[in-house]
$ cat my_file25.tsv   # TSV, C-alpha atoms and all ligand atoms
chain	number	residue	atom	x	y	z
A	190	MET	CA	9.65	1.84	15.04
A	191	THR	CA	7.24	3.13	12.44
A	192	ARG	CA	3.83	4.39	13.47
A	193	VAL	CA	0.89	4.77	11.10
A	194	ARG	CA	-1.69	7.47	11.89
A	195	ALA	CA	-4.18	9.73	10.13
A	196	GLY	CA	-2.44	12.68	8.45
A	197	THR	CA	-3.20	16.25	9.54
A	198	ALA	CA	-2.67	19.68	7.99
A	199	THR	CA	0.80	19.87	9.54
A	200	ASP	CA	1.80	16.83	7.43
A	201	TYR	CA	0.72	18.28	4.05
A	202	ALA	CA	4.16	19.56	3.01
A	203	ALA	CA	5.84	16.28	4.01
A	204	VAL	CA	3.20	14.23	2.17
A	205	HIS	CA	3.84	16.32	-0.95
A	206	GLU	CA	7.58	15.57	-0.65
A	207	VAL	CA	7.11	11.83	-0.03
A	208	ASN	CA	4.97	11.46	-3.15
A	209	LYS	CA	7.28	13.63	-5.25
A	210	LEU	CA	10.42	11.71	-4.30
A	211	ALA	CA	8.81	8.25	-4.51
A	212	PHE	CA	7.27	8.84	-7.93
A	213	GLY	CA	10.02	11.11	-9.29
A	214	GLY	CA	7.61	13.90	-10.24
A	215	GLU	CA	4.82	16.04	-8.85
A	216	GLY	CA	1.82	14.39	-10.57
A	217	GLU	CA	0.84	12.25	-7.57
A	218	SER	CA	1.52	15.08	-5.07
A	219	ARG	CA	-0.88	17.26	-7.05
A	220	LEU	CA	-3.41	14.43	-7.20
A	221	VAL	CA	-3.34	14.12	-3.39
A	222	GLU	CA	-3.89	17.86	-3.07
A	223	ALA	CA	-6.79	17.82	-5.54
A	224	LEU	CA	-8.42	14.87	-3.76
A	225	ARG	CA	-7.98	16.58	-0.41
A	226	LYS	CA	-10.01	19.52	-1.70
A	227	SER	CA	-12.75	17.32	-3.16
A	228	ARG	CA	-15.98	16.85	-1.26
A	229	TYR	CA	-15.36	13.11	-1.04
A	230	PHE	CA	-12.11	13.45	0.92
A	231	CYS	CA	-12.08	11.31	4.06
A	232	PRO	CA	-9.32	12.53	6.46
A	233	LYS	CA	-9.29	9.24	8.36
A	234	LEU	CA	-8.25	7.47	5.14
A	235	SER	CA	-5.23	9.65	4.41
A	236	LEU	CA	-2.60	7.90	6.50
A	237	VAL	CA	1.03	8.72	7.13
A	238	ALA	CA	3.86	6.48	8.30
A	239	VAL	CA	6.09	8.27	10.80
A	240	LYS	CA	9.57	7.15	11.82
A	241	ASP	CA	11.64	9.16	14.32
A	242	GLN	CA	9.11	12.00	13.93
A	243	LYS	CA	9.64	12.11	10.16
A	244	VAL	CA	6.88	11.36	7.64
A	245	VAL	CA	8.36	8.57	5.50
A	246	GLY	CA	5.24	7.18	3.81
A	247	HIS	CA	1.69	8.02	2.81
A	248	ILE	CA	-1.40	6.18	1.58
A	249	LEU	CA	-4.76	7.54	0.47
A	250	PHE	CA	-8.12	5.82	0.00
A	251	SER	CA	-10.95	7.76	-1.68
A	252	PRO	CA	-14.64	6.92	-1.87
A	253	ALA	CA	-15.79	5.87	-5.37
A	254	VAL	CA	-18.54	3.70	-6.83
A	255	ILE	CA	-19.12	0.62	-8.91
A	256	GLU	CA	-21.88	1.63	-11.27
A	257	ARG	CA	-24.38	-1.18	-11.20
A	258	VAL	CA	-27.69	-1.59	-12.92
A	259	VAL	CA	-30.14	-3.99	-11.33
A	260	GLU	CA	-33.49	-5.25	-12.50
A	261	ILE	CA	-36.23	-4.35	-10.06
A	262	GLY	CA	-39.39	-5.97	-11.33
A	263	LYS	CA	-39.41	-5.10	-15.02
A	264	LYS	CA	-37.42	-1.93	-14.58
A	265	ALA	CA	-33.63	-1.48	-14.75
A	266	GLU	CA	-32.44	0.85	-12.01
A	267	ASN	CA	-29.08	2.26	-11.00
A	268	ASN	CA	-27.86	0.76	-7.78
A	269	ASP	CA	-24.30	1.95	-7.31
A	270	VAL	CA	-22.06	0.17	-4.82
A	271	PRO	CA	-19.78	2.35	-2.64
A	272	VAL	CA	-16.12	1.32	-2.67
A	273	LEU	CA	-12.74	2.80	-1.84
A	274	VAL	CA	-9.97	3.31	-4.38
A	275	LEU	CA	-6.43	3.08	-3.06
A	276	ALA	CA	-4.11	5.66	-4.66
A	277	PRO	CA	-1.56	6.91	-4.48
A	278	MET	CA	0.74	5.24	-1.99
A	279	ALA	CA	4.36	6.13	-1.54
A	280	VAL	CA	7.35	5.51	0.69
A	281	LEU	CA	10.49	7.67	0.60
A	282	PRO	CA	13.07	5.88	-1.59
A	283	GLU	CA	15.60	5.42	1.24
A	284	PHE	CA	12.90	3.81	3.44
A	285	GLN	CA	11.51	1.38	0.84
A	286	ARG	CA	11.71	-2.43	1.24
A	287	GLN	CA	11.59	-2.19	5.03
A	288	GLY	CA	7.93	-3.15	5.44
A	289	ILE	CA	6.57	0.40	5.71
A	290	GLY	CA	4.39	0.14	2.59
A	291	SER	CA	2.93	-3.13	3.88
A	292	GLN	CA	2.18	-1.53	7.24
A	293	LEU	CA	0.39	1.38	5.51
A	294	ILE	CA	-1.76	-1.01	3.47
A	295	LEU	CA	-2.63	-3.32	6.36
A	296	GLN	CA	-3.54	-0.53	8.76
A	297	GLY	CA	-5.27	1.37	5.96
A	298	LEU	CA	-7.46	-1.60	5.05
A	299	GLU	CA	-8.36	-2.06	8.73
A	300	GLU	CA	-9.49	1.57	8.91
A	301	CYS	CA	-11.51	1.15	5.69
A	302	LYS	CA	-13.27	-1.81	7.28
A	303	ARG	CA	-13.89	0.11	10.50
A	304	LEU	CA	-15.57	2.84	8.47
A	305	GLY	CA	-17.90	0.26	6.97
A	306	PHE	CA	-16.45	-0.28	3.49
A	307	GLY	CA	-16.47	-3.81	2.08
A	308	ILE	CA	-14.56	-3.38	-1.18
A	309	ALA	CA	-11.22	-1.77	-2.08
A	310	ILE	CA	-9.92	-1.27	-5.62
A	311	LEU	CA	-6.58	-0.19	-7.04
A	312	ILE	CA	-4.45	-0.01	-10.14
A	313	GLY	CA	-0.92	-1.14	-9.22
A	314	HIS	CA	1.99	-3.57	-9.22
A	315	PRO	CA	0.58	-7.13	-9.60
A	316	GLY	CA	3.61	-8.51	-7.70
A	317	PHE	CA	2.92	-6.49	-4.56
A	318	TYR	CA	-0.79	-6.25	-3.75
A	319	PRO	CA	-2.09	-9.87	-3.95
A	320	ARG	CA	-0.38	-10.60	-0.60
A	321	PHE	CA	-2.96	-8.25	0.98
A	322	GLY	CA	-5.93	-10.04	-0.60
A	323	PHE	CA	-6.13	-8.13	-3.89
A	324	MET	CA	-7.07	-10.15	-6.98
A	325	PRO	CA	-7.68	-9.37	-10.67
A	326	ALA	CA	-10.84	-7.27	-10.83
A	327	ARG	CA	-11.95	-8.10	-14.38
A	328	ALA	CA	-12.17	-11.77	-13.44
A	329	ARG	CA	-14.72	-10.64	-10.83
A	330	GLY	CA	-16.82	-8.79	-13.42
A	331	LEU	CA	-15.50	-5.29	-12.84
A	332	GLU	CA	-14.42	-2.83	-15.52
A	333	CYS	CA	-12.36	0.32	-15.22
A	334	ILE	CA	-13.00	3.71	-16.78
A	335	TYR	CA	-9.24	3.94	-17.45
A	336	LYS	CA	-7.23	1.82	-19.87
A	337	VAL	CA	-5.50	-0.67	-17.61
A	338	SER	CA	-4.16	-4.22	-17.96
A	339	ASN	CA	-5.93	-7.21	-16.38
A	340	GLU	CA	-2.93	-7.79	-14.10
A	341	ALA	CA	-2.82	-4.27	-12.67
A	342	PHE	CA	-6.56	-3.73	-12.08
A	343	LEU	CA	-7.16	-5.27	-8.65
A	344	VAL	CA	-9.93	-5.64	-6.09
A	345	ALA	CA	-10.10	-6.88	-2.49
A	346	GLU	CA	-13.05	-7.94	-0.38
A	347	LEU	CA	-12.63	-6.36	3.06
A	348	VAL	CA	-15.73	-8.16	4.22
A	349	PRO	CA	-16.13	-11.76	2.99
A	350	GLY	CA	-18.83	-11.92	0.31
A	351	ALA	CA	-18.87	-8.16	-0.33
A	352	LEU	CA	-18.39	-8.73	-4.08
A	353	LYS	CA	-21.24	-11.21	-4.37
A	354	GLY	CA	-23.61	-10.03	-7.09
A	355	VAL	CA	-21.53	-6.92	-7.68
A	356	GLN	CA	-20.43	-6.29	-11.25
A	357	GLY	CA	-20.02	-3.10	-13.21
A	358	MET	CA	-17.88	-0.10	-14.04
A	359	VAL	CA	-15.57	1.33	-11.39
A	360	ARG	CA	-15.93	5.09	-11.55
A	361	TYR	CA	-12.92	6.86	-10.00
A	362	PRO	CA	-13.27	10.41	-8.63
A	363	VAL	CA	-12.77	12.84	-11.56
A	364	GLU	CA	-9.56	14.16	-9.97
A	365	PHE	CA	-7.85	11.00	-11.25
A	366	ASP	CA	-8.50	11.99	-14.88
A	367	ALA	CA	-5.51	14.36	-14.71
A	368	VAL	CA	-3.04	11.53	-13.99
A	369	ALA	CA	-4.72	8.60	-15.77
B	401	LIG	C1	5.36	0.53	-3.74
B	401	LIG	C2	5.87	1.09	-2.42
B	401	LIG	C3	4.84	2.02	-1.80
B	401	LIG	C4	6.11	-0.11	-1.48
B	401	LIG	O1	6.55	0.37	-0.23
B	401	LIG	P1	7.67	-0.40	0.59
B	401	LIG	O2	7.79	0.23	1.92
B	401	LIG	O3	8.91	-0.50	-0.24
B	401	LIG	O4	6.97	-1.83	0.69
B	401	LIG	P2	7.35	-3.04	1.66
B	401	LIG	O5	8.75	-2.88	2.17
B	401	LIG	O6	6.28	-3.22	2.64
B	401	LIG	O7	7.26	-4.25	0.66
B	401	LIG	C5	8.29	-4.42	-0.26
B	401	LIG	C6	7.71	-5.09	-1.47
B	401	LIG	O8	7.17	-4.11	-2.33
B	401	LIG	C7	7.27	-4.58	-3.66
B	401	LIG	N1	7.76	-3.46	-4.44
B	401	LIG	C8	8.35	-2.35	-3.98
B	401	LIG	N2	8.62	-1.54	-5.00
B	401	LIG	C9	8.21	-2.14	-6.10
B	401	LIG	C10	8.23	-1.81	-7.46
B	401	LIG	N3	8.74	-0.65	-7.90
B	401	LIG	N4	7.70	-2.68	-8.34
B	401	LIG	C11	7.18	-3.85	-7.89
B	401	LIG	N5	7.15	-4.21	-6.63
B	401	LIG	C12	7.66	-3.38	-5.73
B	401	LIG	C13	8.19	-5.75	-3.67
B	401	LIG	O9	7.39	-6.88	-3.91
B	401	LIG	C14	8.74	-5.81	-2.29
B	401	LIG	O10	8.79	-7.08	-1.83
B	401	LIG	P3	10.22	-7.78	-1.69
B	401	LIG	O11	11.09	-6.82	-0.92
B	401	LIG	O12	9.88	-9.03	-0.96
B	401	LIG	O13	10.70	-7.99	-3.09
B	401	LIG	C15	7.20	1.86	-2.57
B	401	LIG	O14	8.15	1.00	-3.15
B	401	LIG	C16	7.10	3.12	-3.41
B	401	LIG	O15	6.83	4.19	-2.89
B	401	LIG	N6	7.32	3.00	-4.73
B	401	LIG	C17	7.29	4.15	-5.62
B	401	LIG	C18	5.89	4.67	-5.81
B	401	LIG	C19	4.93	3.59	-6.29
B	401	LIG	O16	5.22	2.86	-7.21
B	401	LIG	N7	3.75	3.53	-5.62
B	401	LIG	C20	2.77	2.50	-5.83
B	401	LIG	C21	2.01	2.71	-7.09
B	401	LIG	S1	1.06	1.25	-7.45

$ encode --input "my_file25.tsv" --output "structure tokens" --more "lines below"
Ligand SMILES: CC(C)(COP(=O)(O)OP(=O)(O)OC[C@H]1O[C@@H](n2cnc3c(N)ncnc32)[C@H](O)[C@@H]1OP(=O)(O)O)[C@@H](O)C(=O)NCCC(=O)NCCS
Amino acid sequence: MTRVRAGTATDYAAVHEVNKLAFGGEGESRLVEALRKSRYFCPKLSLVAVKDQKVVGHILFSPAVIERVVEIGKKAENNDVPVLVLAPMAVLPEFQRQGIGSQLILQGLEECKRLGFGIAILIGHPGFYPRFGFMPARARGLECIYKVSNEAFLVAELVPGALKGVQGMVRYPVEFDAVA
């Protein structure tokens, strides 16, 4: 059985390894470490999948914003919308295609909701994420600070109606600039 729980400091080395082996390089492992040091890091949203006491998967959600300008009276004012960006997520190659990634996303999105977030955003495989409620983000009036195709730039409403009236630029934490 695989259990998903919040990661702790004792998992850091294993999380580094999972990302390195899943992505075939250390870029994402370094990204996780940079995000962990950032002031926006939310420990409850760095989740590990554990099987037989071994960390076999990891998922991270980081707080970000949709930059939105609204008209208040005759004045245009910034009214940013808090969101979470999902990245990276990884499962050890020999444990892939066994449902562990899906379990990480489903439990991760539940935790995001519990913490009060209504919107999650990601850049990823268009064949994988729509089954969890993700849909093309540009069609919903969102834009990304990174160059990304329509198919890969995805958004999910964690709370029905959370995207109503929300359009604008998704601003990722600056730590992502190094891997974008
Ligand atoms: C993507 C990833 C986290 C999925 O984890 P997982 O445990 O294999 O996922 P699940 O077993 O729950 O679901 C399997 C589904 O993932 C999708 N999937 C897995 N790897 C994929 C890939 N490289 N490209 C496209 N889809 C992929 C498939 O749709 C598959 O469904 P299928 O078996 O019905 O064809 C894992 O494959 C991984 O670590 N990949 C390398 C790193 C990566 O690409 N991370 C995501 C960046 S967007």

$ residues_near_ligand --input "my_file25.tsv" --ligand "ligand LIG 401 (chain B)" --cutoff "6 Å" --atoms "all atoms listed in the file" --output "list in words"
Ala211, Phe212, Met278, Ala279, Val280, Gln285, Arg286, Gln287, Gly288, Ile289, Gly290, Ser291, Gly313, His314, Gly316 and Phe317 of chain A

$ residues_around --input "my_file25.tsv" --residues "Val274 (chain A)" --least-positions-apart "4" --cutoff "6 Å" --atoms "all atoms listed in the file" --output "CSV table (one decimal) with C-alpha atoms, in the coordinates of the input"
chain,number,residue,atom,x,y,z
A,250,PHE,CA,-8.1,5.8,0.0
A,251,SER,CA,-11.0,7.8,-1.7
A,309,ALA,CA,-11.2,-1.8,-2.1
A,310,ILE,CA,-9.9,-1.3,-5.6
A,311,LEU,CA,-6.6,-0.2,-7.0

$ closest_residue --input "my_file25.tsv" --among "A:Met358, A:Asp200, A:Tyr318, A:Arg303" --to "Gly330 (chain A)" --atoms "all atoms listed in the file"
A:Met358

$ atom_distance --input "my_file25.tsv" --atom1 "CA of Ala238 (chain A)" --atom2 "CA of Thr191 (chain A)"
6.3 Å

$ closest_residue --input "my_file25.tsv" --among "A:Leu293, A:Leu224, A:Ile261, A:Val270" --to "Val245 (chain A)" --atoms "only C-alpha atoms"
A:Leu293

$ closest_residue --input "my_file25.tsv" --among "A:Val193, A:Val244, A:Leu343, A:Leu234" --to "Phe323 (chain A)" --atoms "only C-alpha atoms"
A:Leu343

$ closest_residue --input "my_file25.tsv" --among "A:Pro232, A:Gly216, A:Gly246, A:Gly354" --to "Arg192 (chain A)" --atoms "only C-alpha atoms"
A:Gly246

$ residues_near_point --input "my_file25.tsv" --point "(-17.4, 2.5, -3.4)" --cutoff "7 Å" --atoms "only C-alpha atoms" --output "PDB file with C-alpha atoms, in the coordinates of the input"
ATOM      1  CA  PRO A 252     -14.640   6.920  -1.870  1.00  0.00           C
ATOM      2  CA  ALA A 253     -15.790   5.870  -5.370  1.00  0.00           C
ATOM      3  CA  VAL A 254     -18.540   3.700  -6.830  1.00  0.00           C
ATOM      4  CA  ILE A 255     -19.120   0.620  -8.910  1.00  0.00           C
ATOM      5  CA  VAL A 270     -22.060   0.170  -4.820  1.00  0.00           C
ATOM      6  CA  PRO A 271     -19.780   2.350  -2.640  1.00  0.00           C
ATOM      7  CA  VAL A 272     -16.120   1.320  -2.670  1.00  0.00           C
ATOM      8  CA  LEU A 273     -12.740   2.800  -1.840  1.00  0.00           C
ATOM      9  CA  ILE A 308     -14.560  -3.380  -1.180  1.00  0.00           C
TER      10      ILE A 308
END

$ residues_near_point --input "my_file25.tsv" --point "(-4.1, -5.6, -16.8)" --cutoff "9 Å" --atoms "only C-alpha atoms" --output "ChimeraX atom specification"
/A:312,315,325,327,336-343

$ build_atoms --input "my_file25.tsv" --residues "region 338-358 of chain A" --atoms "N, CA and C atoms" --output "PDB file, in the coordinates of the input"
ATOM      1  N   SER A 338      -4.294  -2.791 -17.647  1.00  0.00           N
ATOM      2  CA  SER A 338      -4.160  -4.220 -17.960  1.00  0.00           C
ATOM      3  C   SER A 338      -4.933  -5.058 -16.926  1.00  0.00           C
ATOM      4  N   ASN A 339      -5.248  -6.297 -17.311  1.00  0.00           N
ATOM      5  CA  ASN A 339      -5.930  -7.210 -16.380  1.00  0.00           C
ATOM      6  C   ASN A 339      -5.129  -7.406 -15.106  1.00  0.00           C
ATOM      7  N   GLU A 340      -3.796  -7.478 -15.244  1.00  0.00           N
ATOM      8  CA  GLU A 340      -2.930  -7.790 -14.100  1.00  0.00           C
ATOM      9  C   GLU A 340      -2.888  -6.662 -13.074  1.00  0.00           C
ATOM     10  N   ALA A 341      -3.013  -5.418 -13.559  1.00  0.00           N
ATOM     11  CA  ALA A 341      -2.820  -4.270 -12.670  1.00  0.00           C
ATOM     12  C   ALA A 341      -4.126  -3.767 -12.040  1.00  0.00           C
ATOM     13  N   PHE A 342      -5.254  -4.211 -12.573  1.00  0.00           N
ATOM     14  CA  PHE A 342      -6.560  -3.730 -12.080  1.00  0.00           C
ATOM     15  C   PHE A 342      -7.047  -4.744 -11.033  1.00  0.00           C
ATOM     16  N   LEU A 343      -7.003  -4.311  -9.750  1.00  0.00           N
ATOM     17  CA  LEU A 343      -7.160  -5.270  -8.650  1.00  0.00           C
ATOM     18  C   LEU A 343      -8.265  -4.877  -7.676  1.00  0.00           C
ATOM     19  N   VAL A 344      -8.855  -5.878  -7.060  1.00  0.00           N
ATOM     20  CA  VAL A 344      -9.930  -5.640  -6.090  1.00  0.00           C
ATOM     21  C   VAL A 344      -9.732  -6.545  -4.873  1.00  0.00           C
ATOM     22  N   ALA A 345     -10.128  -6.058  -3.710  1.00  0.00           N
ATOM     23  CA  ALA A 345     -10.100  -6.880  -2.490  1.00  0.00           C
ATOM     24  C   ALA A 345     -11.428  -6.777  -1.776  1.00  0.00           C
ATOM     25  N   GLU A 346     -11.858  -7.924  -1.246  1.00  0.00           N
ATOM     26  CA  GLU A 346     -13.050  -7.940  -0.380  1.00  0.00           C
ATOM     27  C   GLU A 346     -12.573  -7.703   1.051  1.00  0.00           C
ATOM     28  N   LEU A 347     -13.006  -6.628   1.667  1.00  0.00           N
ATOM     29  CA  LEU A 347     -12.630  -6.360   3.060  1.00  0.00           C
ATOM     30  C   LEU A 347     -13.553  -7.116   4.005  1.00  0.00           C
ATOM     31  N   VAL A 348     -14.731  -7.379   3.485  1.00  0.00           N
ATOM     32  CA  VAL A 348     -15.730  -8.160   4.220  1.00  0.00           C
ATOM     33  C   VAL A 348     -16.040  -9.364   3.326  1.00  0.00           C
ATOM     34  N   PRO A 349     -15.879 -10.597   3.843  1.00  0.00           N
ATOM     35  CA  PRO A 349     -16.130 -11.760   2.990  1.00  0.00           C
ATOM     36  C   PRO A 349     -17.511 -11.682   2.339  1.00  0.00           C
ATOM     37  N   GLY A 350     -17.554 -11.929   1.022  1.00  0.00           N
ATOM     38  CA  GLY A 350     -18.830 -11.920   0.310  1.00  0.00           C
ATOM     39  C   GLY A 350     -19.260 -10.565  -0.200  1.00  0.00           C
ATOM     40  N   ALA A 351     -18.456  -9.522   0.066  1.00  0.00           N
ATOM     41  CA  ALA A 351     -18.870  -8.160  -0.330  1.00  0.00           C
ATOM     42  C   ALA A 351     -19.019  -8.009  -1.848  1.00  0.00           C
ATOM     43  N   LEU A 352     -18.319  -8.862  -2.610  1.00  0.00           N
ATOM     44  CA  LEU A 352     -18.390  -8.730  -4.080  1.00  0.00           C
ATOM     45  C   LEU A 352     -19.513  -9.573  -4.689  1.00  0.00           C
ATOM     46  N   LYS A 353     -20.185 -10.329  -3.847  1.00  0.00           N
ATOM     47  CA  LYS A 353     -21.240 -11.210  -4.370  1.00  0.00           C
ATOM     48  C   LYS A 353     -22.317 -10.384  -5.071  1.00  0.00           C
ATOM     49  N   GLY A 354     -22.563 -10.734  -6.333  1.00  0.00           N
ATOM     50  CA  GLY A 354     -23.610 -10.030  -7.090  1.00  0.00           C
ATOM     51  C   GLY A 354     -23.224  -8.629  -7.521  1.00  0.00           C
ATOM     52  N   VAL A 355     -21.956  -8.275  -7.317  1.00  0.00           N
ATOM     53  CA  VAL A 355     -21.530  -6.920  -7.680  1.00  0.00           C
ATOM     54  C   VAL A 355     -20.661  -6.965  -8.928  1.00  0.00           C
ATOM     55  N   GLN A 356     -21.180  -6.383 -10.002  1.00  0.00           N
ATOM     56  CA  GLN A 356     -20.430  -6.290 -11.250  1.00  0.00           C
ATOM     57  C   GLN A 356     -20.702  -4.913 -11.813  1.00  0.00           C
ATOM     58  N   GLY A 357     -19.757  -4.393 -12.591  1.00  0.00           N
ATOM     59  CA  GLY A 357     -20.020  -3.100 -13.210  1.00  0.00           C
ATOM     60  C   GLY A 357     -18.758  -2.272 -13.374  1.00  0.00           C
ATOM     61  N   MET A 358     -18.978  -1.026 -13.722  1.00  0.00           N
ATOM     62  CA  MET A 358     -17.880  -0.100 -14.040  1.00  0.00           C
ATOM     63  C   MET A 358     -17.422   0.630 -12.777  1.00  0.00           C
TER      64      MET A 358
END
